[in-house]
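Novice: Below is the file run-v5.txt, which contains compact mmCIF, C-alpha atoms.
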```txt
# COMPACT_ATOMS: atom_id res chain seq x y z
CA MET O 1 -32.55 -79.86 33.30
CA PRO O 2 -29.42 -78.96 31.25
CA PRO O 3 -26.02 -79.18 32.94
CA LEU O 4 -25.37 -76.29 35.30
CA ASN O 5 -22.40 -74.25 34.06
CA VAL O 6 -22.14 -71.84 36.98
CA GLY O 7 -18.45 -71.21 36.43
CA ASN O 8 -19.29 -69.34 33.24
CA GLN O 9 -21.75 -66.96 34.87
CA PRO O 10 -20.91 -63.42 36.01
CA PRO O 11 -19.70 -63.01 39.60
CA ARG O 12 -22.39 -63.17 42.28
CA THR O 13 -24.99 -64.76 40.04
CA PRO O 14 -27.21 -66.61 42.53
CA VAL O 15 -26.26 -70.29 42.58
CA ASN O 16 -28.14 -73.03 44.37
CA ALA O 17 -25.58 -75.25 46.10
CA ASP O 18 -27.77 -78.36 46.03
CA GLU O 19 -28.36 -77.94 42.32
CA ALA O 20 -24.63 -77.48 41.71
CA TRP O 21 -23.78 -80.65 43.64
CA ARG O 22 -26.44 -82.61 41.76
CA ALA O 23 -24.90 -81.46 38.50
CA THR O 24 -21.49 -82.47 39.84
CA ALA O 25 -22.73 -85.93 40.83
CA GLY O 26 -23.44 -86.72 37.19
CA ARG O 27 -19.76 -86.25 36.36
CA ALA O 28 -18.12 -87.05 39.71
CA SER O 29 -15.51 -89.34 38.14
CA GLY O 30 -14.16 -86.34 36.22
CA THR O 31 -14.46 -83.82 39.06
CA ILE O 32 -11.58 -82.15 40.90
CA LEU O 33 -12.07 -80.37 44.23
CA PHE O 34 -9.48 -77.68 45.00
CA PHE O 35 -8.96 -76.08 48.41
CA ASP O 36 -6.83 -73.25 49.68
CA PHE O 37 -5.47 -73.93 53.19
CA ASP O 38 -5.29 -70.81 55.39
CA GLY O 39 -8.69 -69.25 55.98
CA THR O 40 -10.38 -72.05 54.03
CA LEU O 41 -9.47 -75.39 55.56
CA ALA O 42 -7.98 -73.76 58.65
CA PRO O 43 -8.86 -70.61 60.58
CA VAL O 44 -6.27 -67.83 60.30
CA GLY O 45 -4.27 -67.38 63.53
CA ASP O 46 -1.79 -64.94 65.01
CA ASP O 47 1.02 -67.49 64.69
CA PRO O 48 0.98 -68.98 61.17
CA THR O 49 3.21 -71.86 62.25
CA ALA O 50 0.62 -73.05 64.79
CA VAL O 51 -2.40 -73.13 62.48
CA GLN O 52 -4.32 -76.40 62.26
CA PRO O 53 -7.16 -77.41 59.90
CA ALA O 54 -10.68 -77.36 61.27
CA PRO O 55 -11.53 -80.90 62.47
CA LYS O 56 -14.87 -80.85 60.63
CA VAL O 57 -13.06 -80.18 57.35
CA LEU O 58 -10.69 -83.12 57.72
CA ALA O 59 -13.59 -85.37 58.67
CA ALA O 60 -15.53 -84.28 55.58
CA ILE O 61 -12.72 -84.46 53.00
CA GLU O 62 -11.75 -88.07 53.71
CA PRO O 63 -15.08 -89.61 52.57
CA LEU O 64 -15.21 -87.20 49.61
CA ALA O 65 -11.91 -88.39 48.13
CA PRO O 66 -13.15 -91.72 46.69
CA LEU O 67 -16.25 -90.04 45.23
CA VAL O 68 -14.37 -87.68 42.87
CA ARG O 69 -11.44 -87.85 40.51
CA ARG O 70 -9.02 -85.82 42.62
CA ILE O 71 -8.78 -83.59 45.66
CA ALA O 72 -6.00 -81.01 45.69
CA ILE O 73 -4.77 -78.42 48.20
CA VAL O 74 -3.32 -75.31 46.54
CA SER O 75 -1.63 -73.08 49.07
CA ALA O 76 1.04 -70.51 49.83
CA ARG O 77 2.35 -72.97 52.43
CA PRO O 78 5.24 -75.34 51.66
CA VAL O 79 4.28 -78.89 50.74
CA GLU O 80 5.93 -80.28 53.88
CA PHE O 81 3.78 -78.02 56.06
CA LEU O 82 0.64 -79.19 54.26
CA ARG O 83 1.68 -82.82 54.49
CA ASP O 84 2.24 -82.45 58.22
CA ARG O 85 -1.17 -80.86 58.77
CA LEU O 86 -3.04 -83.20 56.42
CA GLY O 87 -0.93 -86.30 56.90
CA GLY O 88 -3.87 -88.50 57.71
CA LEU O 89 -5.55 -87.87 54.36
CA ALA O 90 -4.74 -90.41 51.66
CA GLY O 91 -4.63 -89.67 47.95
CA VAL O 92 -4.69 -85.86 48.22
CA ASP O 93 -2.47 -83.82 45.88
CA LEU O 94 -0.52 -80.94 47.44
CA TYR O 95 0.57 -77.79 45.61
CA GLY O 96 2.69 -75.59 47.84
CA LEU O 97 4.13 -72.09 47.52
CA TYR O 98 1.61 -71.16 44.81
CA GLY O 99 2.68 -74.16 42.76
CA LEU O 100 6.47 -73.88 43.10
CA GLU O 101 6.29 -77.27 44.85
CA HIS O 102 3.94 -80.23 44.42
CA SER O 103 3.37 -83.75 45.65
CA HIS O 104 0.87 -86.19 44.16
CA SER O 105 -0.97 -88.67 46.38
CA GLY O 106 1.70 -88.74 49.08
CA GLY O 107 4.63 -88.98 46.67
CA GLU O 108 7.91 -87.08 46.80
CA THR O 109 7.97 -83.30 46.77
CA VAL O 110 8.97 -81.86 43.39
CA THR O 111 10.29 -78.29 43.19
CA GLU O 112 10.03 -76.04 40.15
CA PRO O 113 13.64 -76.04 38.84
CA ALA O 114 13.61 -72.34 37.95
CA ALA O 115 12.93 -71.45 41.59
CA LEU O 116 15.81 -73.39 43.17
CA PRO O 117 18.56 -70.80 42.48
CA TRP O 118 16.57 -68.32 44.56
CA VAL O 119 16.81 -70.25 47.84
CA PRO O 120 19.94 -68.38 49.09
CA THR O 121 18.38 -65.03 48.18
CA MET O 122 15.27 -65.87 50.18
CA ALA O 123 17.31 -66.99 53.19
CA ASP O 124 19.31 -63.73 53.14
CA LEU O 125 16.11 -61.72 52.76
CA ALA O 126 14.54 -63.42 55.77
CA ASP O 127 17.61 -62.59 57.87
CA LEU O 128 17.51 -58.98 56.68
CA ALA O 129 13.81 -58.69 57.46
CA ARG O 130 14.34 -59.93 61.02
CA THR O 131 17.06 -57.30 61.47
CA GLU O 132 15.42 -54.29 59.85
CA LEU O 133 11.67 -54.64 60.36
CA PRO O 134 10.12 -53.30 63.58
CA LEU O 135 9.32 -55.48 66.56
CA GLY O 136 5.90 -57.07 66.07
CA THR O 137 6.55 -58.13 62.47
CA LEU O 138 6.52 -61.90 62.03
CA VAL O 139 8.96 -63.08 59.36
CA GLU O 140 8.08 -66.49 57.92
CA PHE O 141 10.84 -68.11 55.84
CA LYS O 142 9.49 -70.76 53.46
CA ARG O 143 12.69 -71.68 51.58
CA LEU O 144 11.34 -70.33 48.27
CA SER O 145 9.52 -67.31 49.65
CA VAL O 146 9.41 -64.94 52.61
CA ALA O 147 6.12 -63.86 54.17
CA LEU O 148 5.94 -60.69 56.27
CA HIS O 149 3.02 -60.76 58.73
CA TRP O 150 1.68 -57.86 60.80
CA ARG O 151 -1.45 -59.49 62.22
CA THR O 152 -0.44 -58.94 65.84
CA ALA O 153 0.66 -55.34 65.13
CA PRO O 154 -1.77 -53.86 62.57
CA GLN O 155 -0.23 -50.42 62.91
CA LEU O 156 2.92 -51.75 61.19
CA GLY O 157 1.13 -52.72 57.99
CA GLU O 158 2.08 -49.69 55.94
CA ALA O 159 5.75 -49.76 56.98
CA VAL O 160 6.09 -53.51 56.41
CA GLN O 161 4.55 -53.30 52.96
CA GLU O 162 6.74 -50.34 51.99
CA TRP O 163 9.86 -52.24 53.10
CA GLY O 164 8.79 -55.42 51.35
CA ARG O 165 8.03 -53.73 48.04
CA ALA O 166 11.36 -51.91 48.14
CA GLN O 167 13.17 -55.21 48.65
CA ALA O 168 11.22 -56.80 45.82
CA ASP O 169 12.30 -53.99 43.50
CA ARG O 170 15.91 -54.30 44.65
CA LEU O 171 16.11 -58.07 44.20
CA GLY O 172 13.76 -58.53 41.25
CA LEU O 173 11.19 -60.50 43.26
CA ARG O 174 7.43 -60.75 42.89
CA VAL O 175 4.98 -59.59 45.52
CA GLN O 176 1.77 -61.30 46.62
CA GLY O 177 -0.54 -59.53 49.04
CA GLY O 178 -2.81 -61.35 51.46
CA ARG O 179 -4.65 -61.15 54.75
CA MET O 180 -2.33 -58.89 56.79
CA VAL O 181 0.67 -60.40 55.04
CA LEU O 182 2.98 -59.51 52.16
CA GLU O 183 4.83 -62.36 50.49
CA LEU O 184 8.00 -62.02 48.42
CA LYS O 185 8.72 -64.82 45.96
CA PRO O 186 10.98 -65.58 42.99
CA PRO O 187 10.18 -64.19 39.53
CA VAL O 188 8.94 -67.59 38.34
CA ASP O 189 5.65 -67.94 36.49
CA ARG O 190 3.63 -69.99 38.95
CA ASP O 191 0.44 -68.98 40.73
CA LYS O 192 -2.80 -70.59 41.81
CA GLY O 193 -4.53 -69.74 38.56
CA MET O 194 -1.82 -71.42 36.51
CA VAL O 195 -1.94 -74.56 38.67
CA ILE O 196 -5.70 -74.86 38.36
CA GLY O 197 -5.65 -74.10 34.64
CA GLU O 198 -3.19 -76.93 34.01
CA VAL O 199 -4.87 -79.52 36.22
CA ILE O 200 -8.39 -79.04 34.84
CA ARG O 201 -7.51 -79.31 31.14
CA ASP O 202 -9.17 -82.72 30.81
CA ALA O 203 -11.55 -82.50 33.78
CA GLY O 204 -15.31 -82.50 33.45
CA ALA O 205 -15.93 -80.36 36.53
CA ALA O 206 -14.07 -78.53 39.29
CA TRP O 207 -14.84 -76.64 42.48
CA TYR O 208 -12.41 -74.18 44.05
CA PHE O 209 -12.70 -73.08 47.69
CA GLY O 210 -10.67 -70.03 48.77
CA ASP O 211 -10.74 -66.97 50.99
CA ASP O 212 -8.04 -64.54 49.83
CA VAL O 213 -7.22 -62.29 46.89
CA SER O 214 -4.71 -64.82 45.51
CA ASP O 215 -7.64 -67.24 45.11
CA ILE O 216 -9.33 -64.94 42.60
CA LYS O 217 -6.80 -66.16 40.02
CA ALA O 218 -8.06 -69.69 40.64
CA PHE O 219 -11.65 -68.52 40.17
CA THR O 220 -10.60 -66.88 36.91
CA ALA O 221 -9.04 -70.13 35.68
CA LEU O 222 -12.30 -72.01 36.28
CA ARG O 223 -14.29 -69.35 34.46
CA ALA O 224 -11.88 -69.39 31.51
CA ARG O 225 -12.21 -73.17 31.18
CA ALA O 226 -16.01 -72.92 31.37
CA ALA O 227 -16.03 -70.20 28.73
CA ALA O 228 -14.02 -72.40 26.39
CA ASP O 229 -16.04 -75.58 27.03
CA PRO O 230 -19.81 -75.37 27.61
CA ASP O 231 -19.80 -78.92 28.98
CA PHE O 232 -17.38 -78.01 31.80
CA LEU O 233 -18.87 -77.32 35.23
CA GLY O 234 -16.93 -74.85 37.37
CA VAL O 235 -17.98 -73.59 40.81
CA CYS O 236 -16.12 -70.85 42.72
CA VAL O 237 -16.68 -70.76 46.49
CA ALA O 238 -15.49 -68.00 48.84
CA VAL O 239 -15.00 -68.61 52.55
CA ALA O 240 -16.06 -65.16 53.74
CA ASN O 241 -13.97 -63.00 56.05
CA PRO O 242 -13.88 -59.30 56.95
CA GLU O 243 -10.21 -58.80 56.02
CA THR O 244 -10.67 -59.17 52.26
CA GLY O 245 -13.93 -57.25 52.33
CA GLN O 246 -16.25 -58.07 49.45
CA GLU O 247 -13.55 -58.57 46.83
CA VAL O 248 -13.29 -62.36 47.08
CA ALA O 249 -16.98 -62.87 47.79
CA ASP O 250 -17.92 -60.78 44.76
CA ALA O 251 -15.73 -62.99 42.56
CA ALA O 252 -17.40 -66.23 43.74
CA ASP O 253 -20.56 -68.13 42.92
CA LEU O 254 -21.19 -69.16 46.53
CA THR O 255 -20.03 -67.99 49.95
CA ILE O 256 -19.48 -69.94 53.18
CA ASP O 257 -19.05 -68.36 56.59
CA SER O 258 -15.99 -70.14 58.00
CA PRO O 259 -13.74 -73.23 57.78
CA ALA O 260 -15.99 -74.99 60.30
CA ALA O 261 -19.04 -74.19 58.16
CA LEU O 262 -17.13 -75.53 55.15
CA GLY O 263 -16.86 -78.86 56.96
CA ASP O 264 -20.64 -79.02 57.31
CA PHE O 265 -21.07 -77.98 53.68
CA LEU O 266 -18.76 -80.75 52.44
CA ALA O 267 -20.42 -83.38 54.63
CA ARG O 268 -23.75 -82.57 52.93
CA ALA O 269 -22.02 -82.62 49.54
CA ALA O 270 -20.72 -86.15 50.13
CA GLN O 271 -24.27 -87.34 50.72
CA GLN O 272 -25.40 -85.78 47.45
CA LEU O 273 -22.46 -87.15 45.46
CA ARG O 274 -23.24 -90.67 46.64
```
Could you write out this file's structure as structure tokens?
Specialist:
Amino acid sequence: MPPLNVGNQPPRTPVNADEAWRATAGRASGTILFFDFDGTLAPVGDDPTAVQPAPKVLAAIEPLAPLVRRIAIVSARPVEFLRDRLGGLAGVDLYGLYGLEHSHSGGETVTEPAALPWVPTMADLADLARTELPLGTLVEFKRLSVALHWRTAPQLGEAVQEWGRAQADRLGLRVQGGRMVLELKPPVDRDKGMVIGEVIRDAGAAWYFGDDVSDIKAFTALRARAAADPDFLGVCVAVANPETGQEVADAADLTIDSPAALGDFLARAAQQLR
């Protein structure tokens, strides 16, 4: 059977997971596995600071790491948050704040130089948000970005988004929507798609697991690489959820029901890669 190039197929083309993993096994030494954090490795919670990865996922990733070239977490979270939650995993690369920060295999955290001058602006914005936004809005300050959550008060969504977009226009910031959250970040060219596009330049295969609209850019990067190189294997996996509707699922090759189900999926994958 010829190599499976599912990353170059139109969205929602039926893909057999076992077949895709068998194709991956033939090039495992050149394979990179990418994971979003919230909603993918960890269930989304009312308090974003209290979120923990699903135990099944952590148990499954550890034996996968020596079977592939690299495992990387690409998240809106800061690197230090990811390191704290995944501290027991060795040799995993961390890309935080959509790539504004990164750490390779437990090394030091490196920040995109162009983003550093924006730290005071973000701190002031977080203070302003806590003062002006209605009670029930959760303001998450991430040093290089500010996330405005309305999960515990859905009725505030429209007002929070209107305020956030007005502040972005005033300060020249960029806006990233998500699952009941609006994130304001510096006008620096970094996003999940750019991170993935750079990392996979010399890879033979890559899988990306995500759950939110920001992950569609990562899917697009895999498809672009597959379109340019017929020998590249790219697989886009959506962790389904009702908050993003069908948008993310429609952009993926495969769907998985939850972070816990992802743990079971990866445990089976490790057996096939061996």
Novice: Find the residues around O:Ala147 up to 7 Å (all atoms listed in the file counted), leave out those fewer than 2 positions away in its own chain, and share them as a list in words.
Specialist: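 Contacts, in chain order: Val139, Glu140, Phe141, Ser145, His149, Val181, Leu182, Glu183 and Leu184 of chain O.
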Novice: Would you output that residue set with C-alpha atoms, as a PDB file, keeping the file's coordinate frame?
Specialist:
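Result written to selection-v1.pdb:
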```
ATOM      1  CA  VAL O 139       8.960 -63.080  59.360  1.00  0.00           C
ATOM      2  CA  GLU O 140       8.080 -66.490  57.920  1.00  0.00           C
ATOM      3  CA  PHE O 141      10.840 -68.110  55.840  1.00  0.00           C
ATOM      4  CA  SER O 145       9.520 -67.310  49.650  1.00  0.00           C
ATOM      5  CA  HIS O 149       3.020 -60.760  58.730  1.00  0.00           C
ATOM      6  CA  VAL O 181       0.670 -60.400  55.040  1.00  0.00           C
ATOM      7  CA  LEU O 182       2.980 -59.510  52.160  1.00  0.00           C
ATOM      8  CA  GLU O 183       4.830 -62.360  50.490  1.00  0.00           C
ATOM      9  CA  LEU O 184       8.000 -62.020  48.420  1.00  0.00           C
TER      10      LEU O 184
END
```
Novice: When you count all atoms listed in the file, which of these residues is closest to O:Ala260: O:Lys56, O:Arg225, O:His102, O:Arg83?
Specialist: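 Nearest to O:Ala260: O:Lys56.
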Novice: Which residues of stretch 88-188 of chain O sit at most 12 Å from stretch 228-243 of chain O, using all atoms listed in the file? Give each one's shortest atom pair and distance in Å (one decimal place), in chain and ascending residue order, as a Markdown table.
Specialist:
```
| residue | atom | partner | partner_atom | distance |
| --- | --- | --- | --- | --- |
| O:Arg151 | CA | O:Glu243 | CA | 10.8 |
| O:Pro154 | CA | O:Glu243 | CA | 11.8 |
| O:Gly177 | CA | O:Glu243 | CA | 11.9 |
| O:Gly178 | CA | O:Glu243 | CA | 9.1 |
| O:Arg179 | CA | O:Glu243 | CA | 6.2 |
| O:Met180 | CA | O:Glu243 | CA | 7.9 |
| O:Val181 | CA | O:Glu243 | CA | 11.0 |
```
Novice: Need the shell around O:Lys142: protein/DNA/RNA residues with any atom at most 12 Å away, counting only C-alpha atoms. Skip same-chain ones fewer than 6 positions apart. Format as a list in words?
Specialist: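 So the residues in contact are Pro48, Thr49, Ala76, Arg77, Pro78, Val79, Glu80, Phe81, Gly96, Leu97, Tyr98, Leu100, Glu101, Trp118, Val119, Pro120, Thr121, Met122, Ala123, Leu125, Ala126, Leu148, Glu183, Leu184, Lys185 and Pro186 of chain O.
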Novice: Check the smallest atom-to-atom distance from each of O:Leu138, O:Leu171, O:Ala227, O:Val110 to O:Asp47 using only C-alpha atoms, then report the winner.
Specialist: O:Leu138
Novice: Which is closer to O:Pro187 than all the others in O:Ala221, O:Glu112, O:Ala249, O:Val199, using only C-alpha atoms?
Specialist: O:Glu112
Novice: With distances taken over all atoms listed in the file, which residue among O:Leu82, O:Ala54, O:Val68, O:Leu156 lies nearest O:Ala203?
Specialist: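 Using all atoms listed in the file, O:Ala203 sits closest to O:Val68.
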Novice: Of the candidates O:Ile61, O:Ala42, O:Ala168, O:Leu273, which shows the shortest atom-to-atom distance to O:Ala23, using all atoms listed in the file?
Specialist: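 For O:Ala23, the nearest of the candidates is O:Leu273.
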Novice: Can you measure atom CA of O:Gln161 to atom CA of O:Leu144 for me? One decimal in Å is fine.
Specialist: 18.9 Å
Novice: Counting all atoms listed in the file, figure out which residue out of O:Ala252, O:Ala224, O:Leu64, O:Leu135 gets nearest to O:Met194.
Specialist: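 The answer is O:Ala224, which sits nearest to O:Met194.
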Novice: Please compute the atom CA of O:Gly26-atom CA of O:Arg69 distance, one decimal, in Å.
Specialist: 12.5 Å
Novice: Neighbouring residues of O:Leu41 were defined as those with any atom within 8 Å, considering only C-alpha atoms; residues of the same chain fewer than 4 positions away were excluded. Please report them as number ranges by chain.
Specialist: O: 35-37, 53-54, 57, 259, 262
Novice: Just the number, please: distance in Å from atom CA of O:Ala114 to atom CA of O:Ala50, one decimal.
Specialist: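 Separation between atom CA of O:Ala114 and atom CA of O:Ala50: 29.8 Å.
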Novice: Give me, as JSON lines, each residue of stretch 40-153 of chain O that comes within 10 Å of stretch 207-213 of chain O, together with its shortest interatomic pair and the distance in Å at one decimal, counting only C-alpha atoms, with rows ordered by chain and rising residue number.
Specialist:
```
{"residue": "O:Thr40", "atom": "CA", "partner": "O:Gly210", "partner_atom": "CA", "distance": 5.6}
{"residue": "O:Leu41", "atom": "CA", "partner": "O:Gly210", "partner_atom": "CA", "distance": 8.7}
{"residue": "O:Ile71", "atom": "CA", "partner": "O:Trp207", "partner_atom": "CA", "distance": 9.8}
{"residue": "O:Ala72", "atom": "CA", "partner": "O:Tyr208", "partner_atom": "CA", "distance": 9.5}
{"residue": "O:Ile73", "atom": "CA", "partner": "O:Phe209", "partner_atom": "CA", "distance": 9.6}
{"residue": "O:Val74", "atom": "CA", "partner": "O:Gly210", "partner_atom": "CA", "distance": 9.3}
{"residue": "O:Ser75", "atom": "CA", "partner": "O:Gly210", "partner_atom": "CA", "distance": 9.5}
```
Novice: Using the partial input, fill out stretch 196-207 of chain O with all heavy atoms; write the result as a compact mmCIF listing (two decimals), in the frame of the given file.
Specialist:
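Okay, this is what ended up in out.txt:
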```
# COMPACT_ATOMS: atom_id res chain seq x y z
N ILE O 196 -4.34 -74.37 38.63
CA ILE O 196 -5.70 -74.86 38.36
C ILE O 196 -5.92 -75.01 36.87
O ILE O 196 -6.48 -76.01 36.41
CB ILE O 196 -6.75 -73.92 39.00
CG1 ILE O 196 -7.03 -74.30 40.44
CG2 ILE O 196 -8.08 -73.99 38.26
CD1 ILE O 196 -5.91 -74.16 41.39
N GLY O 197 -5.47 -74.04 36.09
CA GLY O 197 -5.65 -74.10 34.64
C GLY O 197 -5.03 -75.34 34.02
O GLY O 197 -5.59 -75.95 33.11
N GLU O 198 -3.86 -75.75 34.53
CA GLU O 198 -3.19 -76.93 34.01
C GLU O 198 -3.89 -78.22 34.43
O GLU O 198 -4.07 -79.14 33.64
CB GLU O 198 -1.73 -76.95 34.49
CG GLU O 198 -0.89 -75.83 33.89
CD GLU O 198 0.46 -75.70 34.57
OE1 GLU O 198 0.74 -76.49 35.50
OE2 GLU O 198 1.23 -74.81 34.18
N VAL O 199 -4.30 -78.28 35.69
CA VAL O 199 -4.87 -79.52 36.22
C VAL O 199 -6.24 -79.83 35.63
O VAL O 199 -6.61 -81.00 35.47
CB VAL O 199 -4.92 -79.46 37.76
CG1 VAL O 199 -5.58 -80.72 38.33
CG2 VAL O 199 -3.52 -79.30 38.34
N ILE O 200 -7.01 -78.80 35.29
CA ILE O 200 -8.39 -79.04 34.84
C ILE O 200 -8.53 -79.19 33.32
O ILE O 200 -9.64 -79.26 32.82
CB ILE O 200 -9.33 -77.90 35.31
CG1 ILE O 200 -8.93 -76.55 34.69
CG2 ILE O 200 -9.37 -77.83 36.82
CD1 ILE O 200 -9.90 -75.43 35.00
N ARG O 201 -7.43 -79.27 32.61
CA ARG O 201 -7.51 -79.31 31.14
C ARG O 201 -8.40 -80.43 30.63
O ARG O 201 -9.11 -80.27 29.65
CB ARG O 201 -6.10 -79.45 30.56
CG ARG O 201 -5.30 -78.14 30.57
CD ARG O 201 -3.89 -78.35 30.10
NE ARG O 201 -3.12 -77.11 30.16
CZ ARG O 201 -1.80 -77.06 30.06
NH1 ARG O 201 -1.10 -78.19 29.90
NH2 ARG O 201 -1.18 -75.89 30.13
N ASP O 202 -8.35 -81.60 31.28
CA ASP O 202 -9.17 -82.72 30.81
C ASP O 202 -10.21 -83.12 31.84
O ASP O 202 -10.73 -84.24 31.81
CB ASP O 202 -8.30 -83.92 30.44
CG ASP O 202 -7.51 -84.45 31.64
OD1 ASP O 202 -7.44 -83.75 32.67
OD2 ASP O 202 -6.96 -85.56 31.54
N ALA O 203 -10.53 -82.20 32.76
CA ALA O 203 -11.55 -82.50 33.78
C ALA O 203 -12.93 -82.15 33.25
O ALA O 203 -13.10 -81.31 32.38
CB ALA O 203 -11.26 -81.70 35.06
N GLY O 204 -13.94 -82.80 33.83
CA GLY O 204 -15.31 -82.50 33.45
C GLY O 204 -15.96 -81.48 34.35
O GLY O 204 -16.94 -80.83 33.98
N ALA O 205 -15.39 -81.32 35.57
CA ALA O 205 -15.93 -80.36 36.53
C ALA O 205 -14.87 -80.06 37.57
O ALA O 205 -13.96 -80.87 37.80
CB ALA O 205 -17.19 -80.92 37.21
N ALA O 206 -14.99 -78.89 38.21
CA ALA O 206 -14.07 -78.53 39.29
C ALA O 206 -14.73 -77.51 40.20
O ALA O 206 -15.49 -76.65 39.74
CB ALA O 206 -12.76 -77.98 38.74
N TRP O 207 -14.45 -77.63 41.48
CA TRP O 207 -14.84 -76.64 42.48
C TRP O 207 -13.56 -76.09 43.08
O TRP O 207 -12.60 -76.83 43.32
CB TRP O 207 -15.66 -77.28 43.60
CG TRP O 207 -17.04 -77.72 43.25
CD1 TRP O 207 -17.40 -78.65 42.30
CD2 TRP O 207 -18.26 -77.30 43.87
NE1 TRP O 207 -18.76 -78.83 42.29
CE2 TRP O 207 -19.32 -78.01 43.24
CE3 TRP O 207 -18.57 -76.41 44.90
CZ2 TRP O 207 -20.65 -77.85 43.60
CZ3 TRP O 207 -19.89 -76.25 45.27
CH2 TRP O 207 -20.93 -76.95 44.62
```
